[in-house]
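Undergrad: PDB, C-alpha atoms, file query24.pdb:
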ATOM      1  CA  MET Q   1     114.791 174.218   0.791
ATOM      2  CA  GLU Q   2     116.706 174.656   3.993
ATOM      3  CA  LYS Q   3     113.552 174.058   6.008
ATOM      4  CA  LEU Q   4     112.852 170.840   4.093
ATOM      5  CA  GLU Q   5     116.380 169.621   4.850
ATOM      6  CA  LEU Q   6     115.897 170.356   8.582
ATOM      7  CA  LEU Q   7     112.549 168.569   8.488
ATOM      8  CA  ALA Q   8     114.137 165.540   6.790
ATOM      9  CA  GLN Q   9     116.905 165.447   9.421
ATOM     10  CA  ARG Q  10     114.371 165.692  12.207
ATOM     11  CA  ILE Q  11     112.306 162.860  10.689
ATOM     12  CA  ASP Q  12     115.436 160.707  10.369
ATOM     13  CA  SER Q  13     116.267 161.434  13.996
ATOM     14  CA  LEU Q  14     112.746 160.511  15.108
ATOM     15  CA  LEU Q  15     112.819 157.288  13.091
ATOM     16  CA  GLN Q  16     116.132 156.322  14.694
ATOM     17  CA  GLU Q  17     114.670 157.061  18.122
ATOM     18  CA  LEU Q  18     111.616 154.947  17.269
ATOM     19  CA  THR Q  19     113.856 152.039  16.253
ATOM     20  CA  ARG Q  20     115.850 152.361  19.475
ATOM     21  CA  LEU Q  21     112.664 152.463  21.572
ATOM     22  CA  ARG Q  22     111.272 149.387  19.805
ATOM     23  CA  GLU Q  23     114.496 147.464  20.524
ATOM     24  CA  GLU Q  24     114.440 148.592  24.153
ATOM     25  CA  ASN Q  25     110.779 147.577  24.440
ATOM     26  CA  HIS Q  26     111.619 144.144  23.016
ATOM     27  CA  HIS Q  27     114.450 143.674  25.517
ATOM     28  CA  LEU Q  28     112.233 144.782  28.399
ATOM     29  CA  ARG Q  29     109.502 142.337  27.360
ATOM     30  CA  GLU Q  30     112.040 139.505  27.209
ATOM     31  CA  GLU Q  31     113.407 140.431  30.637
ATOM     32  CA  GLY Q  32     109.857 140.574  32.008
ATOM     33  CA  LYS Q  33     109.162 137.130  30.580
ATOM     34  CA  ARG Q  34     112.327 135.731  32.202
ATOM     35  CA  LEU Q  35     111.428 137.315  35.532
ATOM     36  CA  ARG Q  36     107.901 135.838  35.409
ATOM     37  CA  GLU Q  37     109.361 132.403  34.672
ATOM     38  CA  ASP Q  38     111.805 132.763  37.570
ATOM     39  CA  LEU Q  39     108.962 133.822  39.840
ATOM     40  CA  GLU Q  40     106.868 130.829  38.800
ATOM     41  CA  LEU Q  41     109.797 128.473  39.447
ATOM     42  CA  GLY Q  42     110.368 130.090  42.820
ATOM     43  CA  GLN Q  43     106.686 129.738  43.685
ATOM     44  CA  MET Q  44     106.726 126.082  42.678
ATOM     45  CA  ALA Q  45     109.777 125.474  44.857
ATOM     46  CA  SER Q  46     108.132 127.323  47.725
ATOM     47  CA  ASP Q  47     104.952 125.258  47.358
ATOM     48  CA  GLU Q  48     106.989 122.054  47.319
ATOM     49  CA  LEU Q  49     108.884 123.070  50.448
ATOM     50  CA  GLN Q  50     105.616 123.986  52.179
ATOM     51  CA  GLU Q  51     104.192 120.545  51.357
ATOM     52  CA  LYS Q  52     107.317 118.859  52.738
ATOM     53  CA  LEU Q  53     107.109 120.962  55.891
ATOM     54  CA  ASN Q  54     103.439 120.083  56.348
ATOM     55  CA  ARG Q  55     104.226 116.368  55.951
ATOM     56  CA  GLU Q  56     107.065 116.639  58.469
ATOM     57  CA  LEU Q  57     104.821 118.446  60.936
ATOM     58  CA  THR Q  58     102.159 115.760  60.527
ATOM     59  CA  VAL Q  59     104.703 112.976  61.117
ATOM     60  CA  ARG Q  60     106.078 114.832  64.129
ATOM     61  CA  SER Q  61     102.621 115.372  65.585
ATOM     62  CA  GLU Q  62     101.758 111.697  65.105
ATOM     63  CA  ALA Q  63     105.028 110.684  66.768
ATOM     64  CA  PHE Q  64     104.319 112.938  69.749
ATOM     65  CA  SER Q  65     100.835 111.469  70.052
ATOM     66  CA  ARG Q  66     102.232 107.939  70.049
ATOM     67  CA  VAL Q  67     104.861 108.853  72.650
ATOM     68  CA  ASP Q  68     102.167 110.451  74.814
ATOM     69  CA  ALA Q  69     100.047 107.309  74.504
ATOM     70  CA  LEU Q  70     103.013 105.136  75.503
ATOM     71  CA  ILE Q  71     103.766 107.353  78.477
ATOM     72  CA  SER Q  72     100.126 107.124  79.559
ATOM     73  CA  ARG Q  73     100.240 103.322  79.299
ATOM     74  CA  ILE Q  74     103.436 103.204  81.350
ATOM     75  CA  GLN Q  75     102.025 105.555  83.973
ATOM     76  CA  SER Q  76      98.806 103.581  84.257
ATOM     77  CA  ALA Q  77     100.771 100.338  84.595
ATOM     78  CA  LEU Q  78     103.136 101.636  87.298
ATOM     79  CA  PRO Q  79     100.637 101.974  90.151
ATOM     80  CA  MET Q  80      99.400  98.431  89.532
ATOM     81  CA  GLN Q  81     102.921  97.038  89.746
ATOM     82  CA  GLU Q  82     103.664  99.018  92.905
ATOM     83  CA  ASN Q  83     100.461  97.697  94.539
ATOM     84  CA  GLN Q  84     101.372  94.126  93.610
ATOM     85  CA  GLN Q  85     104.865  94.512  95.080
ATOM     86  CA  ASN Q  86     103.474  95.957  98.318
ATOM     87  CA  GLY Q  87     100.781  93.298  98.675
TER      88      GLY Q  87
END
How does the structure come out when it is put into structure tokens?
TA:
Amino acid sequence: MEKLELLAQRIDSLLQELTRLREENHHLREEGKRLREDLELGQMASDELQEKLNRELTVRSEAFSRVDALISRIQSALPMQENQQNG
């Protein structure tokens, strides 16, 4: 009978451990889910910032091109004005 009592205690202990492990597993799954959601939100924010940066770079590049074109027009007009003043 003593051995049956020890076996019963051991089974109770194992069942308690199983319950604890199931609860821990549940908490870990929930934490994993929250972390995945945070990661997805972070990725979305990163993608949005990258799009904004790309738009800004495009606008900046276009502005530089327009400034370069204006400078070229000014430079091409200057020699003509200097020749007219000298003539």
Undergrad: Report the distance between CA of Arg55 in chain Q and CA of Ala69 in chain Q in Å, rounded to one decimal place.
TA: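 CA of Arg55 in chain Q sits 21.1 Å away from CA of Ala69 in chain Q.
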Undergrad: Could you please determine the separation between CA of Leu28 in chain Q and CA of Ile11 in chain Q in Å, to one decimal place?
TA: 25.3 Å
Undergrad: Mind giving me the straight-line distance from CA of Ala45 in chain Q to CA of Gly32 in chain Q in Å, one decimal?
TA: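 It comes out at 19.8 Å.
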